[in-house]
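K.L.:
Structure supplied as protein_2.cif; contents: mmCIF, C-alpha atoms.
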data_model
loop_
_atom_site.label_atom_id
_atom_site.label_comp_id
_atom_site.auth_asym_id
_atom_site.auth_seq_id
_atom_site.Cartn_x
_atom_site.Cartn_y
_atom_site.Cartn_z
CA MET A 12 11.78 10.65 -38.92
CA LYS A 13 10.87 7.14 -39.97
CA GLU A 14 7.24 6.05 -39.65
CA THR A 15 8.24 3.17 -37.36
CA THR A 16 9.99 5.55 -34.98
CA LYS A 17 6.95 7.86 -34.92
CA ARG A 18 4.66 4.93 -34.22
CA LEU A 19 6.75 3.56 -31.37
CA THR A 20 7.20 7.02 -29.86
CA ARG A 21 3.47 7.73 -29.91
CA LEU A 22 2.63 4.31 -28.46
CA ALA A 23 5.25 4.69 -25.72
CA LEU A 24 3.85 8.11 -24.83
CA LEU A 25 0.32 6.68 -24.68
CA ALA A 26 1.50 3.86 -22.41
CA ALA A 27 3.45 6.28 -20.21
CA LEU A 28 0.41 8.55 -19.91
CA GLY A 29 -1.66 5.51 -18.95
CA VAL A 30 0.82 4.51 -16.24
CA VAL A 31 0.94 8.04 -14.82
CA LEU A 32 -2.87 8.12 -14.70
CA LEU A 33 -2.94 4.70 -12.98
CA VAL A 34 -0.52 5.86 -10.31
CA LEU A 35 -2.56 9.03 -9.79
CA ALA A 36 -5.75 6.97 -9.57
CA SER A 37 -4.10 4.82 -6.90
CA VAL A 38 -2.76 7.76 -4.90
CA LEU A 39 -5.61 10.28 -5.07
CA PRO A 40 -8.59 9.49 -2.86
CA THR A 41 -11.18 10.92 -5.24
CA GLY A 42 -11.60 10.80 -8.97
CA SER A 43 -9.94 7.43 -9.41
CA LEU A 44 -12.70 6.12 -11.69
CA ALA A 45 -12.39 9.18 -13.92
CA LEU A 46 -8.62 8.71 -14.11
CA LEU A 47 -9.09 5.03 -14.99
CA ALA A 48 -11.49 6.04 -17.77
CA VAL A 49 -8.98 8.51 -19.20
CA ALA A 50 -6.21 5.91 -18.91
CA SER A 51 -8.34 3.47 -20.89
CA PHE A 52 -8.80 6.14 -23.55
CA ALA A 53 -5.08 5.78 -24.36
CA VAL A 54 -5.88 2.24 -25.54
CA CYS A 55 -8.64 3.69 -27.76
CA VAL A 56 -6.24 6.15 -29.34
CA ALA A 57 -3.65 3.45 -29.99
CA ARG A 58 -6.27 1.23 -31.62
CA MET A 59 -7.63 4.06 -33.76
CA LEU A 60 -4.15 5.11 -34.88
CA TYR A 61 -2.48 1.75 -35.47
CA GLY A 62 -4.97 -1.10 -35.04
CA TRP A 63 -5.91 -3.84 -32.62
CA GLY A 64 -2.50 -5.30 -31.97
CA TRP A 65 -0.98 -1.98 -30.98
CA GLY A 66 -3.99 -1.11 -28.82
CA ALA A 67 -3.62 -4.44 -27.02
CA GLY A 68 0.09 -3.73 -26.64
CA VAL A 69 -0.55 -0.36 -24.99
CA TYR A 70 -3.02 -2.05 -22.64
CA ALA A 71 -0.55 -4.82 -21.75
CA VAL A 72 2.37 -2.45 -21.17
CA THR A 73 0.27 -0.05 -19.12
CA ALA A 74 -1.24 -2.83 -17.00
CA VAL A 75 2.07 -4.58 -16.32
CA LEU A 76 3.96 -1.38 -15.52
CA GLY A 77 1.11 -0.12 -13.37
CA LEU A 78 1.01 -3.37 -11.40
CA LEU A 79 4.79 -3.36 -10.98
CA LEU A 80 5.11 0.29 -9.99
CA TYR A 81 2.04 0.76 -7.82
CA PRO A 82 0.01 -2.40 -7.23
CA GLY A 83 -3.26 -1.17 -5.82
CA THR A 84 -6.99 -1.38 -6.32
CA ALA A 85 -6.96 1.09 -9.21
CA THR A 86 -4.32 -0.77 -11.19
CA ILE A 87 -6.09 -4.07 -10.56
CA ALA A 88 -9.35 -2.53 -11.80
CA TYR A 89 -7.52 -1.27 -14.90
CA ALA A 90 -5.96 -4.66 -15.62
CA ALA A 91 -9.21 -6.52 -14.91
CA PHE A 92 -11.62 -4.32 -16.87
CA PHE A 93 -10.90 -0.70 -17.79
CA GLY A 94 -7.80 -1.38 -19.86
CA TYR A 95 -9.19 -3.87 -22.33
CA TYR A 96 -12.79 -2.65 -22.38
CA PRO A 97 -12.15 -0.14 -25.21
CA LEU A 98 -11.04 -3.03 -27.41
CA ALA A 99 -14.10 -5.10 -26.46
CA LYS A 100 -16.36 -2.06 -26.93
CA SER A 101 -15.23 -1.61 -30.52
CA LEU A 102 -16.03 -5.27 -31.17
CA PHE A 103 -19.46 -5.02 -29.58
CA GLU A 104 -20.35 -1.88 -31.53
CA ARG A 105 -19.91 -3.36 -34.97
CA PRO A 106 -23.13 -3.12 -36.98
CA ARG A 107 -25.69 -5.02 -34.94
CA SER A 108 -28.78 -4.14 -33.05
CA ARG A 109 -28.42 -1.80 -30.08
CA ALA A 110 -30.07 -4.42 -27.87
CA ALA A 111 -27.50 -7.08 -28.78
CA GLU A 112 -24.70 -4.56 -28.27
CA TRP A 113 -25.87 -3.76 -24.74
CA VAL A 114 -26.52 -7.40 -23.88
CA MET A 115 -22.88 -8.18 -24.72
CA LYS A 116 -21.57 -5.14 -22.85
CA LEU A 117 -23.61 -5.88 -19.73
CA ALA A 118 -22.70 -9.57 -19.87
CA LEU A 119 -19.01 -8.62 -19.86
CA TYR A 120 -19.63 -6.21 -16.97
CA ALA A 121 -21.51 -8.88 -15.00
CA ALA A 122 -18.78 -11.47 -15.58
CA VAL A 123 -16.03 -9.12 -14.44
CA PHE A 124 -18.13 -8.00 -11.45
CA ALA A 125 -18.72 -11.62 -10.41
CA LEU A 126 -15.03 -12.52 -10.74
CA TYR A 127 -13.94 -9.41 -8.87
CA TRP A 128 -16.44 -10.10 -6.08
CA ALA A 129 -15.46 -13.77 -5.85
CA LEU A 130 -11.68 -13.38 -6.01
CA LEU A 131 -10.91 -10.14 -4.18
CA PRO A 132 -11.98 -9.09 -0.72
CA VAL A 133 -14.63 -6.40 -1.06
CA ASP A 134 -15.17 -4.14 1.92
CA SER A 135 -18.76 -3.03 1.48
CA THR A 136 -21.79 -2.65 3.66
CA LEU A 137 -24.03 -3.42 0.67
CA PRO A 138 -24.51 -6.98 -0.59
CA TRP A 139 -23.46 -7.93 -4.11
CA TYR A 140 -27.02 -7.93 -5.45
CA ALA A 141 -27.36 -4.25 -4.48
CA LEU A 142 -23.92 -3.23 -5.77
CA CYS A 143 -24.24 -4.94 -9.15
CA PRO A 144 -27.07 -2.71 -10.48
CA ILE A 145 -25.40 0.42 -9.09
CA GLY A 146 -22.20 -0.62 -10.84
CA ALA A 147 -24.13 -1.30 -14.05
CA VAL A 148 -25.39 2.29 -14.06
CA ALA A 149 -21.86 3.56 -13.46
CA PHE A 150 -20.65 1.26 -16.25
CA ALA A 151 -23.25 2.67 -18.67
CA ILE A 152 -22.09 6.21 -17.84
CA TYR A 153 -18.47 5.15 -18.41
CA ASP A 154 -19.40 3.60 -21.76
CA TRP A 155 -21.18 6.78 -22.81
CA CYS A 156 -18.24 8.97 -21.71
CA LEU A 157 -15.80 6.76 -23.58
CA SER A 158 -17.91 7.11 -26.73
CA LEU A 159 -17.97 10.87 -26.23
CA MET A 160 -14.18 11.01 -25.83
CA VAL A 161 -13.75 8.97 -29.01
CA ARG A 162 -16.08 11.29 -30.92
CA ILE A 163 -14.24 14.39 -29.67
CA TYR A 164 -10.91 12.80 -30.59
CA ILE A 165 -12.10 11.97 -34.11
CA GLU A 166 -13.68 15.39 -34.72
CA LYS A 167 -11.10 17.68 -33.10
CA ILE A 168 -7.76 15.94 -32.53
CA ALA A 169 -7.22 13.11 -35.05
CA ARG A 170 -6.26 15.41 -37.91
CA TYR A 171 -3.29 16.68 -35.89
CA MET A 172 -1.98 13.20 -35.12
CA LYS A 173 -0.91 12.36 -38.66
#
Translate this structure into structure tokens?

P.N.:
Amino acid sequence: MKETTKRLTRLALLAALGVVLLVLASVLPTGSLALLAVASFAVCVARMLYGWGWGAGVYAVTAVLGLLLYPGTATIAYAAFFGYYPLAKSLFERPRSRAAEWVMKLALYAAVFALYWALLPVDSTLPWYALCPIGAVAFAIYDWCLSLMVRIYIEKIARYMK
């Protein structure tokens, strides 16, 4: 099989997996954040295998197909943050200080939170200034889990993907 065919097949499978996870996250009442995190991991794998452009392509295809097939809160959250965050994360984690890395990550989180709060109707009993720190803690856990998934992929799975 040609290398180009292998590449496109793997990328299409990653995008399809992402779309399935987005639909499940929209349909299932619990675990939607975990499914969004796993769907965003497909973008990580595409970037690690084939580079930035292909990772961005998997994100774009997954987001567009998810929004077309099942436009809901989960797919909007994926398109607005979870889908491209793995690409931004790899930029932020280039050799710098840990403090600068987290300032950039939290600034991105805060910007997306503010846009989401301003543009979409949020049905919450808590005000934004209470939800933002709670979301920041959840975001830090997501970032840590994404790093853990990348490490497990590199140590246990990557050698079988060649």

K.L.:
With all atoms listed in the file as the basis for distance, which of A:Tyr81, A:Glu14, A:Met59, A:Ala151 is at the shortest distance from Trp113 of chain A?

P.N.:
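Counting all atoms listed in the file, the residue closest to Trp113 of chain A is A:Ala151.
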
K.L.:
Identify the residues within 12 Å of coordinate (-19.9, -7.8, -15.2) (same frame as the file), considering all atoms listed in the file, and give the answer as a PyMOL selection string.

P.N.:
chain A and resi 91-93+96+113-129+139+142-151

K.L.:
Measure the distance from atom CA of Leu159 of chain A to atom CA of Ala74 of chain A in Å and round it to one decimal.

P.N.:
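It comes out at 23.5 Å.
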
K.L.:
What separation in Å, quoted to one decimal, exists between atom CA of Val54 of chain A and atom CA of Thr73 of chain A?

P.N.:
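So the answer is 9.2 Å.
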
K.L.:
Where does segment 60-133 of chain A meet segment 33-39 of chain A within 9 Å, residue by residue, with the nearest atom pair and distance in Å to one decimal for each, counting all atoms listed in the file, listed by chain and rising number, as CSV?

P.N.:
residue,atom,partner,partner_atom,distance
A:Thr73,CA,A:Leu33,CA,8.4
A:Ala74,CA,A:Leu33,CA,8.7
A:Gly77,CA,A:Leu33,CA,6.3
A:Leu80,CA,A:Val34,CA,7.9
A:Tyr81,CA,A:Val34,CA,6.2
A:Pro82,CA,A:Ser37,CA,8.3
A:Gly83,CA,A:Ser37,CA,6.1
A:Thr84,CA,A:Ser37,CA,6.9
A:Ala85,CA,A:Ser37,CA,5.2
A:Thr86,CA,A:Leu33,CA,5.9
A:Tyr89,CA,A:Leu33,CA,7.8

K.L.:
As an exercise, work out the distance from atom CA of Trp65 of chain A to atom CA of Gly42 of chain A in Å and give it to one decimal place.

P.N.:
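According to the coordinates, atom CA of Trp65 of chain A and atom CA of Gly42 of chain A are separated by 27.6 Å.
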
K.L.:
Measuring between all atoms listed in the file, which one of A:Val30, A:Ile152, A:Leu47, A:Ala57 shows the shortest distance to Met172 of chain A?

P.N.:
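Residue with the minimum atom-to-atom distance to Met172 of chain A: A:Ala57.
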
K.L.:
Using only C-alpha atoms, which residues sit within 10 Å of Tyr95 of chain A once same-chain residues fewer than 5 positions away are excluded, as a PyMOL selection string?

P.N.:
chain A and resi 51+54-55+66-67+69-71+74+89-90+100

K.L.:
Between A:Leu19, A:Ala26, A:Leu32, A:Val75, which is the closest to Ile87 of chain A once you count only C-alpha atoms?

P.N.:
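Nearest to Ile87 of chain A: A:Val75.
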
K.L.:
Go through A:Ala99, A:Arg18, A:Gly29, A:Leu76 one by one, measure the shortest atom-to-atom distance of each to Ala48 of chain A using all atoms listed in the file, and give the residue with the smallest value.

P.N.:
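Ranking A:Ala99, A:Arg18, A:Gly29, A:Leu76 by distance to Ala48 of chain A, first place goes to A:Gly29.
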
K.L.:
A:Leu24, A:Met160, A:Ala111, A:Val31: which is nearest Leu46 of chain A, counting all atoms listed in the file?

P.N.:
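Between A:Leu24, A:Met160, A:Ala111, A:Val31, the residue approaching Leu46 of chain A most closely is A:Val31.
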